>>> print(open('protein18.pdb').read())   # PDB, C-alpha atoms
ATOM      1  CA  MET A  48      45.740 107.040 111.433
ATOM      2  CA  ASN A  49      45.920 104.508 108.621
ATOM      3  CA  ILE A  50      43.707 101.444 108.242
ATOM      4  CA  VAL A  51      45.713  98.305 107.389
ATOM      5  CA  LYS A  52      44.221  94.895 106.601
ATOM      6  CA  LEU A  53      45.777  92.126 108.665
ATOM      7  CA  GLY A  54      48.128  89.903 106.658
ATOM      8  CA  SER A  55      50.594  87.189 107.622
ATOM      9  CA  VAL A  56      53.469  89.711 107.565
ATOM     10  CA  HIS A  57      51.780  91.510 110.484
ATOM     11  CA  TYR A  58      51.176  88.471 112.721
ATOM     12  CA  ASP A  59      54.166  88.947 115.028
ATOM     13  CA  ALA A  60      53.485  92.636 115.621
ATOM     14  CA  TRP A  61      49.752  91.954 116.052
ATOM     15  CA  ASN A  62      50.358  89.254 118.677
ATOM     16  CA  GLU A  63      52.900  91.406 120.495
ATOM     17  CA  PHE A  64      50.221  94.095 120.716
ATOM     18  CA  CYS A  65      47.821  91.491 122.138
ATOM     19  CA  GLN A  66      50.397  90.409 124.726
ATOM     20  CA  GLU A  67      50.508  93.929 126.134
ATOM     21  CA  ASN A  68      46.967  95.203 125.542
ATOM     22  CA  THR A  69      44.340  92.486 125.098
ATOM     23  CA  TRP A  70      43.886  88.739 125.588
ATOM     24  CA  PHE A  71      44.145  85.487 123.669
ATOM     25  CA  TRP A  72      40.802  85.911 121.876
ATOM     26  CA  HIS A  73      42.337  88.768 119.865
ATOM     27  CA  THR A  74      45.434  86.894 118.670
ATOM     28  CA  THR A  75      46.003  85.372 115.258
ATOM     29  CA  HIS A  76      46.195  82.011 117.050
ATOM     30  CA  TRP A  77      42.518  82.332 117.971
ATOM     31  CA  LEU A  78      41.539  83.676 114.549
ATOM     32  CA  LYS A  79      43.091  80.575 112.994
ATOM     33  CA  TYR A  80      41.165  78.349 115.383
ATOM     34  CA  LEU A  81      37.848  80.023 114.517
ATOM     35  CA  GLN A  82      38.407  79.325 110.852
ATOM     36  CA  ASN A  83      39.092  75.633 111.517
ATOM     37  CA  SER A  84      36.546  74.811 114.220
ATOM     38  CA  LYS A  85      33.328  73.985 112.324
ATOM     39  CA  PHE A  86      32.185  71.863 109.430
ATOM     40  CA  GLY A  87      30.476  73.317 106.385
ATOM     41  CA  VAL A  88      30.929  76.976 107.289
ATOM     42  CA  GLU A  89      32.706  79.479 105.087
ATOM     43  CA  PHE A  90      34.817  81.888 107.099
ATOM     44  CA  LYS A  91      36.422  85.103 105.893
ATOM     45  CA  ASP A  92      38.968  87.084 107.870
ATOM     46  CA  HIS A  93      38.302  90.829 107.630
ATOM     47  CA  SER A  94      40.594  91.771 110.533
ATOM     48  CA  PHE A  95      42.422  95.098 110.342
ATOM     49  CA  PHE A  96      44.373  97.481 112.545
ATOM     50  CA  MET A  97      44.827 101.190 112.975
ATOM     51  CA  GLU A  98      48.395 102.293 112.337
ATOM     52  CA  ASN A  99      50.049 105.445 113.649
ATOM     53  CA  ASN A 100      53.642 106.247 112.655
ATOM     54  CA  LYS A 101      54.070 102.650 111.445
ATOM     55  CA  GLU A 102      53.053 101.319 114.864
ATOM     56  CA  ILE A 103      49.874  99.405 115.701
ATOM     57  CA  ALA A 104      47.594 101.707 117.685
ATOM     58  CA  SER A 105      44.440  99.539 117.802
ATOM     59  CA  ILE A 106      43.393  96.148 116.445
ATOM     60  CA  VAL A 107      40.051  94.909 115.100
ATOM     61  CA  PRO A 108      39.790  91.104 114.860
ATOM     62  CA  LEU A 109      36.806  90.485 112.584
ATOM     63  CA  ILE A 110      35.561  87.149 111.230
ATOM     64  CA  GLN A 111      32.699  86.604 108.789
ATOM     65  CA  GLU A 112      30.589  83.484 109.208
ATOM     66  CA  GLY A 113      27.847  83.305 106.599
ATOM     67  CA  ASN A 114      26.100  86.680 106.613
ATOM     68  CA  GLU A 115      27.262  87.638 110.113
ATOM     69  CA  LEU A 116      30.392  89.198 111.564
ATOM     70  CA  PHE A 117      31.922  88.304 114.909
ATOM     71  CA  SER A 118      34.624  90.022 116.923
ATOM     72  CA  PRO A 119      36.134  89.343 120.376
ATOM     73  CA  GLY A 120      36.168  93.111 120.826
ATOM     74  CA  PHE A 121      37.499  96.412 119.586
ATOM     75  CA  VAL A 122      37.700 100.029 120.714
ATOM     76  CA  ASP A 123      34.524 102.114 120.433
ATOM     77  CA  ASP A 124      35.935 104.543 117.890
ATOM     78  CA  LYS A 125      34.106 106.296 115.025
ATOM     79  CA  ASP A 126      36.781 105.489 112.429
ATOM     80  CA  ILE A 127      36.766 101.817 113.417
ATOM     81  CA  LEU A 128      32.965 101.676 113.341
ATOM     82  CA  ALA A 129      32.924 103.318 109.914
ATOM     83  CA  GLU A 130      35.381 100.735 108.535
ATOM     84  CA  VAL A 131      33.409  97.858 110.082
ATOM     85  CA  LYS A 132      30.235  99.223 108.468
ATOM     86  CA  ARG A 133      31.971  99.495 105.092
ATOM     87  CA  ILE A 134      33.151  95.884 105.316
ATOM     88  CA  ALA A 135      29.698  94.729 106.357
ATOM     89  CA  LEU A 136      27.866  96.466 103.527
ATOM     90  CA  GLU A 137      30.368  95.284 100.898
ATOM     91  CA  ASN A 138      30.016  91.663 102.023
ATOM     92  CA  GLY A 139      26.264  91.376 102.498
ATOM     93  CA  ILE A 140      26.476  91.241 106.284
ATOM     94  CA  LYS A 141      23.172  91.402 108.141
ATOM     95  CA  ARG A 142      24.387  91.392 111.754
ATOM     96  CA  ILE A 143      27.545  91.861 113.808
ATOM     97  CA  GLN A 144      28.242  90.703 117.354
ATOM     98  CA  VAL A 145      31.122  92.231 119.308
ATOM     99  CA  ASN A 146      32.245  91.138 122.761
ATOM    100  CA  ALA A 147      32.609  94.722 123.917
ATOM    101  CA  ASP A 148      30.422  97.642 124.953
ATOM    102  CA  ILE A 149      29.819  99.672 121.778
ATOM    103  CA  ARG A 150      27.526 102.637 122.405
ATOM    104  CA  GLU A 151      26.009 102.738 118.898
ATOM    105  CA  TYR A 152      25.170  99.035 119.068
ATOM    106  CA  LEU A 153      22.486  97.189 121.041
ATOM    107  CA  ASN A 154      23.592  95.825 124.400
ATOM    108  CA  ILE A 155      23.358  92.019 124.687
ATOM    109  CA  SER A 156      25.814  91.579 127.560
ATOM    110  CA  GLY A 157      25.828  88.359 129.538
ATOM    111  CA  TYR A 158      27.738  87.075 132.547
ATOM    112  CA  THR A 159      30.810  84.998 133.209
ATOM    113  CA  CYS A 160      32.482  83.542 136.295
ATOM    114  CA  ILE A 161      36.024  84.574 137.279
ATOM    115  CA  LEU A 162      37.988  82.567 139.838
ATOM    116  CA  ASP A 163      40.829  84.122 141.838
ATOM    117  CA  LEU A 164      43.374  81.312 142.133
ATOM    118  CA  GLU A 165      44.794  82.950 145.259
ATOM    119  CA  ASN A 166      41.428  82.913 147.018
ATOM    120  CA  ILE A 167      39.505  79.726 146.201
ATOM    121  CA  ASN A 168      36.390  79.105 148.264
ATOM    122  CA  SER A 169      34.597  76.118 146.771
ATOM    123  CA  THR A 170      31.201  74.947 147.959
ATOM    124  CA  LYS A 171      30.890  71.984 150.342
ATOM    125  CA  GLY A 172      29.430  69.965 147.484
ATOM    126  CA  HIS A 173      32.447  70.612 145.270
ATOM    127  CA  LYS A 174      34.894  69.820 148.076
ATOM    128  CA  SER A 175      33.129  66.534 148.726
ATOM    129  CA  ALA A 176      33.099  65.683 145.008
ATOM    130  CA  ILE A 177      36.847  66.362 144.741
ATOM    131  CA  LYS A 178      37.640  64.185 147.770
ATOM    132  CA  LYS A 179      35.664  61.324 146.245
ATOM    133  CA  ALA A 180      37.454  61.750 142.913
ATOM    134  CA  GLU A 181      40.879  61.671 144.549
ATOM    135  CA  ARG A 182      40.166  58.153 145.818
ATOM    136  CA  HIS A 183      39.708  56.865 142.264
ATOM    137  CA  LEU A 184      41.707  59.078 139.916
ATOM    138  CA  ASP A 185      45.178  60.241 139.029
ATOM    139  CA  TYR A 186      46.182  62.506 136.142
ATOM    140  CA  ILE A 187      48.814  63.194 133.518
ATOM    141  CA  ALA A 188      49.442  66.254 131.330
ATOM    142  CA  PRO A 189      49.839  65.042 127.712
ATOM    143  CA  LEU A 190      51.946  67.148 125.370
ATOM    144  CA  HIS A 191      49.969  66.139 122.276
ATOM    145  CA  THR A 192      46.259  65.817 121.432
ATOM    146  CA  GLN A 193      46.187  62.590 119.414
ATOM    147  CA  TYR A 194      44.447  60.474 122.068
ATOM    148  CA  PHE A 195      42.361  63.408 123.246
ATOM    149  CA  LYS A 196      40.930  63.781 119.737
ATOM    150  CA  HIS A 197      40.205  60.068 119.449
ATOM    151  CA  ASP A 198      38.502  59.912 122.847
ATOM    152  CA  TYR A 199      36.630  63.181 122.322
ATOM    153  CA  PHE A 200      34.974  61.796 119.198
ATOM    154  CA  ASP A 201      34.392  58.440 120.915
ATOM    155  CA  ILE A 202      32.578  60.138 123.803
ATOM    156  CA  ALA A 203      30.507  62.248 121.387
ATOM    157  CA  GLY A 204      29.685  59.215 119.268
ATOM    158  CA  LYS A 205      30.749  61.007 116.088
ATOM    159  CA  VAL A 206      33.331  63.368 114.613
ATOM    160  CA  THR A 207      32.058  66.733 115.845
ATOM    161  CA  ARG A 208      34.923  69.016 114.821
ATOM    162  CA  PRO A 209      37.484  69.167 112.003
ATOM    163  CA  HIS A 210      40.706  67.276 112.707
ATOM    164  CA  GLU A 211      42.557  70.593 112.259
ATOM    165  CA  THR A 212      40.902  71.809 115.460
ATOM    166  CA  PHE A 213      42.868  69.347 117.556
ATOM    167  CA  GLU A 214      46.070  69.987 115.633
ATOM    168  CA  ILE A 215      45.747  73.641 116.654
ATOM    169  CA  LEU A 216      45.072  72.683 120.281
ATOM    170  CA  GLY A 217      48.269  70.642 120.189
ATOM    171  CA  GLN A 218      50.204  73.581 118.775
ATOM    172  CA  TRP A 219      48.974  75.775 121.623
ATOM    173  CA  ILE A 220      50.359  73.297 124.157
ATOM    174  CA  SER A 221      53.810  73.414 122.535
ATOM    175  CA  GLN A 222      53.602  77.225 122.271
ATOM    176  CA  GLY A 223      52.729  77.571 125.954
ATOM    177  CA  PHE A 224      49.117  78.730 125.542
ATOM    178  CA  GLY A 225      47.310  75.498 126.406
ATOM    179  CA  THR A 226      47.292  72.821 129.110
ATOM    180  CA  LEU A 227      45.656  69.424 128.611
ATOM    181  CA  LEU A 228      44.961  67.224 131.629
ATOM    182  CA  GLU A 229      43.906  63.587 131.360
ATOM    183  CA  ALA A 230      42.256  61.808 134.299
ATOM    184  CA  ARG A 231      43.043  58.126 134.686
ATOM    185  CA  THR A 232      41.854  55.227 136.773
ATOM    186  CA  LYS A 233      44.295  52.413 137.429
ATOM    187  CA  SER A 234      43.791  51.096 133.912
ATOM    188  CA  ASN A 235      41.724  53.504 131.788
ATOM    189  CA  THR A 236      41.289  57.107 130.717
ATOM    190  CA  ALA A 237      38.291  58.702 132.451
ATOM    191  CA  GLY A 238      38.226  62.136 130.828
ATOM    192  CA  TYR A 239      39.982  65.364 129.880
ATOM    193  CA  VAL A 240      40.072  69.087 130.558
ATOM    194  CA  TYR A 241      41.710  71.661 128.276
ATOM    195  CA  ILE A 242      42.605  75.128 129.573
ATOM    196  CA  LEU A 243      43.863  78.185 127.688
ATOM    197  CA  HIS A 244      46.253  80.641 129.344
ATOM    198  CA  TRP A 245      47.707  83.958 128.233
ATOM    199  CA  ALA A 246      49.730  86.201 130.561
ATOM    200  CA  ASP A 247      48.100  86.073 134.031
ATOM    201  CA  ARG A 248      44.670  84.863 132.847
ATOM    202  CA  ALA A 249      43.290  81.483 131.858
ATOM    203  CA  TYR A 250      40.049  80.106 130.443
ATOM    204  CA  TYR A 251      38.354  76.739 131.046
ATOM    205  CA  PHE A 252      37.986  75.794 127.399
ATOM    206  CA  MET A 253      36.944  72.161 126.878
ATOM    207  CA  SER A 254      36.186  68.965 128.724
ATOM    208  CA  ALA A 255      35.134  65.427 127.869
ATOM    209  CA  VAL A 256      34.259  62.579 130.227
ATOM    210  CA  PHE A 257      33.495  58.941 129.490
ATOM    211  CA  PRO A 258      29.940  58.253 130.742
ATOM    212  CA  GLU A 259      30.995  55.241 132.819
ATOM    213  CA  TYR A 260      33.269  57.457 134.934
ATOM    214  CA  LYS A 261      30.989  60.448 135.524
ATOM    215  CA  GLU A 262      30.293  59.249 139.062
ATOM    216  CA  PHE A 263      33.966  59.905 139.835
ATOM    217  CA  ASN A 264      33.501  63.679 139.315
ATOM    218  CA  VAL A 265      36.218  63.769 136.684
ATOM    219  CA  THR A 266      35.881  67.441 135.690
ATOM    220  CA  HIS A 267      35.793  68.585 139.332
ATOM    221  CA  TYR A 268      39.027  66.667 139.888
ATOM    222  CA  LEU A 269      40.901  67.878 136.813
ATOM    223  CA  LEU A 270      39.995  71.524 137.323
ATOM    224  CA  TRP A 271      41.100  71.284 140.943
ATOM    225  CA  GLN A 272      44.443  69.813 139.842
ATOM    226  CA  SER A 273      44.815  72.564 137.245
ATOM    227  CA  PHE A 274      44.803  75.326 139.847
ATOM    228  CA  ASP A 275      48.340  74.590 141.099
ATOM    229  CA  ILE A 276      49.598  74.062 137.549
ATOM    230  CA  LEU A 277      48.216  77.444 136.465
ATOM    231  CA  ARG A 278      49.676  79.224 139.505
ATOM    232  CA  GLN A 279      53.093  77.834 138.581
ATOM    233  CA  LYS A 280      52.636  79.331 135.112
ATOM    234  CA  GLY A 281      51.999  82.771 136.636
ATOM    235  CA  VAL A 282      48.216  82.681 136.180
ATOM    236  CA  ARG A 283      46.122  84.546 138.776
ATOM    237  CA  TRP A 284      42.644  84.575 137.213
ATOM    238  CA  LEU A 285      40.768  81.615 135.730
ATOM    239  CA  GLU A 286      37.618  82.364 133.775
ATOM    240  CA  MET A 287      35.295  79.425 134.327
ATOM    241  CA  GLY A 288      32.943  80.612 131.599
ATOM    242  CA  GLU A 289      29.424  81.675 130.727
ATOM    243  CA  GLN A 290      26.762  82.156 133.365
ATOM    244  CA  VAL A 291      23.275  81.953 131.906
ATOM    245  CA  PHE A 292      20.220  83.825 133.169
ATOM    246  CA  ASN A 293      16.891  84.381 131.456
ATOM    247  CA  SER A 294      16.768  87.453 129.238
ATOM    248  CA  PRO A 295      15.217  88.353 125.869
ATOM    249  CA  HIS A 296      18.416  87.270 124.092
ATOM    250  CA  CYS A 297      19.156  84.210 126.272
ATOM    251  CA  GLN A 298      16.718  81.529 127.428
ATOM    252  CA  PRO A 299      18.829  78.741 128.924
ATOM    253  CA  GLY A 300      17.615  75.200 129.403
ATOM    254  CA  GLU A 301      18.102  73.042 132.474
ATOM    255  CA  LYS A 302      21.402  71.641 131.173
ATOM    256  CA  GLU A 303      22.893  75.117 130.609
ATOM    257  CA  CYS A 304      21.762  76.250 134.072
ATOM    258  CA  ASN A 305      23.362  73.201 135.706
ATOM    259  CA  ILE A 306      26.643  73.824 133.868
ATOM    260  CA  SER A 307      26.643  77.425 135.111
ATOM    261  CA  LYS A 308      26.015  76.260 138.671
ATOM    262  CA  PHE A 309      28.891  73.777 138.398
ATOM    263  CA  LYS A 310      31.261  76.548 137.279
ATOM    264  CA  ARG A 311      30.186  78.826 140.148
ATOM    265  CA  GLY A 312      30.746  76.045 142.635
ATOM    266  CA  PHE A 313      34.507  76.597 142.717
ATOM    267  CA  GLY A 314      33.890  79.978 144.339
ATOM    268  CA  GLY A 315      34.365  82.430 141.496
ATOM    269  CA  GLN A 316      32.710  85.812 141.147
ATOM    270  CA  VAL A 317      29.974  86.384 138.580
ATOM    271  CA  VAL A 318      30.745  89.488 136.502
ATOM    272  CA  VAL A 319      29.318  91.146 133.406
ATOM    273  CA  SER A 320      30.635  89.878 130.076
ATOM    274  CA  PRO A 321      30.169  92.824 127.670
ATOM    275  CA  ALA A 322      28.622  92.175 124.274
ATOM    276  CA  SER A 323      26.911  94.305 121.634
ATOM    277  CA  GLU A 324      25.173  93.688 118.327
ATOM    278  CA  PHE A 325      24.214  95.772 115.321
ATOM    279  CA  PHE A 326      21.918  94.952 112.412
ATOM    280  CA  PHE A 327      22.680  96.138 108.896
ATOM    281  CA  ASP A 328      19.418  94.670 107.608
ATOM    282  CA  LYS A 329      15.982  95.776 108.884
ATOM    283  CA  GLU A 330      14.212  92.520 108.051
ATOM    284  CA  CYS A 331      16.903  90.516 109.838
ATOM    285  CA  PHE A 332      16.479  92.743 112.899
ATOM    286  CA  LYS A 333      12.693  92.386 112.837
ATOM    287  CA  LYS A 334      12.771  88.598 112.448
ATOM    288  CA  THR A 335      15.481  88.112 115.084
ATOM    289  CA  TYR A 336      13.733  90.185 117.740
ATOM    290  CA  GLU A 337      10.306  88.742 117.017
ATOM    291  CA  GLU A 338      11.724  85.249 117.539
ATOM    292  CA  ARG A 339      13.552  86.282 120.719
ATOM    293  CA  VAL A 340      10.490  87.943 122.266
ATOM    294  CA  LYS A 341       8.287  84.963 121.358
ATOM    295  CA  LYS A 342      10.731  82.499 122.905
ATOM    296  CA  TYR A 343      11.203  84.704 125.973
ATOM    297  CA  TYR A 344       7.437  84.902 126.488
ATOM    298  CA  GLU A 345       6.963  81.163 126.045
ATOM    299  CA  ASN A 346       9.824  80.189 128.380
ATOM    300  CA  THR A 347       9.580  82.817 131.115
ATOM    301  CA  ALA A 348       6.907  82.910 133.804
ATOM    302  CA  ILE A 349       6.649  86.705 134.039
ATOM    303  CA  PHE A 350       3.008  87.037 132.993
ATOM    304  CA  PRO A 351       1.244  84.148 134.768
ATOM    305  CA  GLU A 352      -2.186  85.714 134.296
ATOM    306  CA  ALA A 353      -1.654  85.685 130.517
ATOM    307  CA  ARG A 354      -1.040  81.921 130.504
ATOM    308  CA  SER A 355      -4.470  80.918 131.839
TER     309      SER A 355
END
>>> encode(input="protein18.pdb", output="structure tokens")
Amino acid sequence: MNIVKLGSVHYDAWNEFCQENTWFWHTTHWLKYLQNSKFGVEFKDHSFFMENNKEIASIVPLIQEGNELFSPGFVDDKDILAEVKRIALENGIKRIQVNADIREYLNISGYTCILDLENINSTKGHKSAIKKAERHLDYIAPLHTQYFKHDYFDIAGKVTRPHETFEILGQWISQGFGTLLEARTKSNTAGYVYILHWADRAYYFMSAVFPEYKEFNVTHYLLWQSFDILRQKGVRWLEMGEQVFNSPHCQPGEKECNISKFKRGFGGQVVVSPASEFFFDKECFKKTYEERVKKYYENTAIFPEARS
């Protein structure tokens, strides 16, 4: 096996490997997005692959943000782990997070909600919300993101992401990886939903709703409309996204809990979302876990007698 650093000459082969073996998070399309999605952050791409007889055998998408590394996942292999450690130590990395189960790393898995588009069983509350929305809204599927970007910033009250972010989202639509839906009243735009899709899976990625139209249940409506569109594209599974529950590494607030409940309301199944972390710096480990335990203790009613 040879270790080869990812370069632009490898993009086609890398993405073909992803098409057959992984998902969109591993593609160069997603790596490009990560490097153009935040202000004031220096990103470095350390991605590499394992080559056998001039063929890609395994890929390791790996992005540095500050003094941390992030990866959507890689195989739990000693040679891969050794190369990741080498990269980390050479670049002053203190921590890595990988969305995979790596035995040598600490387990910080969470949960996500997966919806089977062939077996939707929404709650009564969601069904009622959708019926109400259908009385007020219609939708279109824009092929560009110009107005989406403008309205997204307008709703947020400021420019929250680089303009390149929305250029990339527009490219994904033209490349067949993204679907943008815009909800409209008779005269105005009410909100948007953006969904990623790759092979037979999709991911509820972004949404934005004008405050004056929230009573129309805009996101309920657009997601419901997206189900038929995704089926026509050959998608079977729609990942609604993160489900938050109290744990030492996750203390959600009321807003996060309500968002999770909304996502579950379409009838999806809550499943484990694997994640692991490793610290290359003892002081960073100590500080991180002290802060997590303190926050967990302060926000979780597991020792009521200790609070009196």
>>> axis_aligned_box(input="protein18.pdb", around="region 172-186 of chain A", padding_each_side="8 Å", output="JSON")
{"center_x": 37.8, "center_y": 63.7, "center_z": 142.4, "size_x": 32.8, "size_y": 29.7, "size_z": 28.6}
>>> residues_around(input="protein18.pdb", residues="region 279-294 of chain A", least_positions_apart="3", cutoff="6 Å", atoms="all atoms listed in the file", output="number ranges by chain")
A: 158-164, 247-251, 276, 297-298, 307, 310
>>> resolve_selection(input="protein18.pdb", expression="the PyMOL selection byres ((chain A and resi 144) around 7)", output="number ranges by chain")
A: 116-118, 142-143, 145-146, 323-325
>>> residues_around(input="protein18.pdb", residues="region 200-205 of chain A", least_positions_apart="5", cutoff="12 Å", atoms="only C-alpha atoms", output="list in words")
Gln193, Tyr194, Phe195, His210, Phe213, Thr236, Ala237, Gly238, Tyr239, Ser254, Ala255, Val256, Phe257, Pro258, Glu259, Tyr260 and Lys261 of chain A
>>> residues_around(input="protein18.pdb", residues="Leu243 (chain A)", least_positions_apart="6", cutoff="10 Å", atoms="all atoms listed in the file", output="mmCIF file with C-alpha atoms, keeping the file's coordinate frame")
data_model
loop_
_atom_site.group_PDB
_atom_site.id
_atom_site.type_symbol
_atom_site.label_atom_id
_atom_site.label_comp_id
_atom_site.auth_asym_id
_atom_site.auth_seq_id
_atom_site.Cartn_x
_atom_site.Cartn_y
_atom_site.Cartn_z
ATOM 1 C CA PHE A 71 44.145 85.487 123.669
ATOM 2 C CA LEU A 216 45.072 72.683 120.281
ATOM 3 C CA TRP A 219 48.974 75.775 121.623
ATOM 4 C CA ILE A 220 50.359 73.297 124.157
ATOM 5 C CA GLY A 223 52.729 77.571 125.954
ATOM 6 C CA PHE A 224 49.117 78.730 125.542
ATOM 7 C CA GLY A 225 47.310 75.498 126.406
ATOM 8 C CA THR A 226 47.292 72.821 129.110
ATOM 9 C CA LEU A 227 45.656 69.424 128.611
ATOM 10 C CA ALA A 249 43.290 81.483 131.858
ATOM 11 C CA TYR A 250 40.049 80.106 130.443
ATOM 12 C CA TYR A 251 38.354 76.739 131.046
ATOM 13 C CA PHE A 252 37.986 75.794 127.399
ATOM 14 C CA MET A 253 36.944 72.161 126.878
ATOM 15 C CA LEU A 277 48.216 77.444 136.465
ATOM 16 C CA LEU A 285 40.768 81.615 135.730
ATOM 17 C CA GLU A 286 37.618 82.364 133.775
#
>>> resolve_selection(input="protein18.pdb", expression="the PyMOL selection byres ((chain A and resi 150) around 12)", output="JSON, numbers by chain")
{"A": [122, 123, 124, 125, 128, 145, 147, 148, 149, 151, 152, 153, 154, 155, 321, 322, 323, 324, 325]}
>>> closest_residue(input="protein18.pdb", among="A:Met48, A:Val56, A:Ala176, A:Val131", to="Glu98 (chain A)", atoms="only C-alpha atoms")
A:Met48
>>> closest_residue(input="protein18.pdb", among="A:Lys196, A:Lys302, A:His267, A:Lys329", to="Glu211 (chain A)", atoms="all atoms listed in the file")
A:Lys196
>>> atom_distance(input="protein18.pdb", atom1="CA of Glu337 (chain A)", atom2="CA of Leu81 (chain A)")
29.0 Å
>>> residues_near_point(input="protein18.pdb", point="(36.6, 92.2, 118.6)", cutoff="6 Å", atoms="all atoms listed in the file", output="mmCIF file with C-alpha atoms, in the coordinates of the input")
data_model
loop_
_atom_site.group_PDB
_atom_site.id
_atom_site.type_symbol
_atom_site.label_atom_id
_atom_site.label_comp_id
_atom_site.auth_asym_id
_atom_site.auth_seq_id
_atom_site.Cartn_x
_atom_site.Cartn_y
_atom_site.Cartn_z
ATOM 1 C CA VAL A 107 40.051 94.909 115.100
ATOM 2 C CA PRO A 108 39.790 91.104 114.860
ATOM 3 C CA SER A 118 34.624 90.022 116.923
ATOM 4 C CA PRO A 119 36.134 89.343 120.376
ATOM 5 C CA GLY A 120 36.168 93.111 120.826
ATOM 6 C CA PHE A 121 37.499 96.412 119.586
ATOM 7 C CA VAL A 145 31.122 92.231 119.308
#
>>> resolve_selection(input="protein18.pdb", expression="the PyMOL selection byres ((chain A and resi 86) around 9)", output="JSON, numbers by chain")
{"A": [83, 84, 85, 87, 88, 89, 207, 208, 209]}
>>> atom_distance(input="protein18.pdb", atom1="CA of Phe95 (chain A)", atom2="CA of Gly157 (chain A)")
26.3 Å
>>> closest_residue(input="protein18.pdb", among="A:Ile103, A:His191, A:Met97, A:Pro295", to="Asp59 (chain A)", atoms="all atoms listed in the file")
A:Ile103
>>> closest_residue(input="protein18.pdb", among="A:Glu130, A:Gln222, A:Leu228, A:Phe332", to="Trp245 (chain A)", atoms="all atoms listed in the file")
A:Gln222
>>> atom_distance(input="protein18.pdb", atom1="CA of Val265 (chain A)", atom2="CA of Leu184 (chain A)")
7.9 Å
>>> residues_around(input="protein18.pdb", residues="Lys334 (chain A)", least_positions_apart="6", cutoff="12 Å", atoms="all atoms listed in the file", output="PDB file with C-alpha atoms, keeping the file's coordinate frame")
ATOM      1  CA  LYS A 141      23.172  91.402 108.141  1.00  0.00           C
ATOM      2  CA  ARG A 142      24.387  91.392 111.754  1.00  0.00           C
ATOM      3  CA  PHE A 326      21.918  94.952 112.412  1.00  0.00           C
ATOM      4  CA  ASP A 328      19.418  94.670 107.608  1.00  0.00           C
ATOM      5  CA  VAL A 340      10.490  87.943 122.266  1.00  0.00           C
ATOM      6  CA  LYS A 341       8.287  84.963 121.358  1.00  0.00           C
TER       7      LYS A 341
END
>>> closest_residue(input="protein18.pdb", among="A:Gln82, A:Thr75, A:Ser234, A:Thr170", to="Arg311 (chain A)", atoms="all atoms listed in the file")
A:Thr170
>>> residues_near_point(input="protein18.pdb", point="(29.9, 80.2, 145.1)", cutoff="10 Å", atoms="only C-alpha atoms", output="ChimeraX atom specification")
/A:160,162,167-171,173,308-317
>>> residues_around(input="protein18.pdb", residues="Arg182 (chain A)", least_positions_apart="3", cutoff="10 Å", atoms="all atoms listed in the file", output="JSON, numbers by chain")
{"A": [177, 178, 179, 185, 232, 263]}
>>> decode(input="protein18.pdb", residues="region 60-96 of chain A", atoms="C-alpha atoms", output="tab-separated table (two decimals), in the first residue's frame")
chain	number	residue	atom	x	y	z
A	60	ALA	CA	-10.93	8.95	-9.25
A	61	TRP	CA	-11.54	10.01	-5.63
A	62	ASN	CA	-15.17	10.96	-6.33
A	63	GLU	CA	-15.76	7.77	-8.31
A	64	PHE	CA	-14.56	5.85	-5.26
A	65	CYS	CA	-17.01	7.84	-3.12
A	66	GLN	CA	-19.87	7.06	-5.52
A	67	GLU	CA	-19.36	3.34	-4.96
A	68	ASN	CA	-18.13	3.18	-1.36
A	69	THR	CA	-19.01	6.20	0.78
A	70	TRP	CA	-21.27	9.27	0.73
A	71	PHE	CA	-21.20	12.93	-0.21
A	72	TRP	CA	-19.34	14.04	2.93
A	73	HIS	CA	-16.23	12.27	1.62
A	74	THR	CA	-16.19	13.88	-1.84
A	75	THR	CA	-13.98	16.72	-3.00
A	76	HIS	CA	-17.20	18.71	-3.48
A	77	TRP	CA	-17.75	18.67	0.28
A	78	LEU	CA	-14.08	19.33	1.06
A	79	LYS	CA	-14.29	22.46	-1.09
A	80	TYR	CA	-17.42	23.57	0.74
A	81	LEU	CA	-15.75	23.16	4.15
A	82	GLN	CA	-12.92	25.41	3.09
A	83	ASN	CA	-15.33	28.14	1.95
A	84	SER	CA	-18.02	28.01	4.63
A	85	LYS	CA	-16.69	30.22	7.46
A	86	PHE	CA	-15.19	33.63	7.95
A	87	GLY	CA	-11.78	34.16	9.50
A	88	VAL	CA	-10.78	30.50	9.69
A	89	GLU	CA	-7.68	29.08	8.07
A	90	PHE	CA	-8.30	25.66	6.57
A	91	LYS	CA	-5.71	23.19	5.33
A	92	ASP	CA	-6.53	20.08	3.34
A	93	HIS	CA	-4.46	17.10	4.51
A	94	SER	CA	-6.58	14.48	2.72
A	95	PHE	CA	-4.83	11.38	1.39
A	96	PHE	CA	-5.63	7.92	0.07
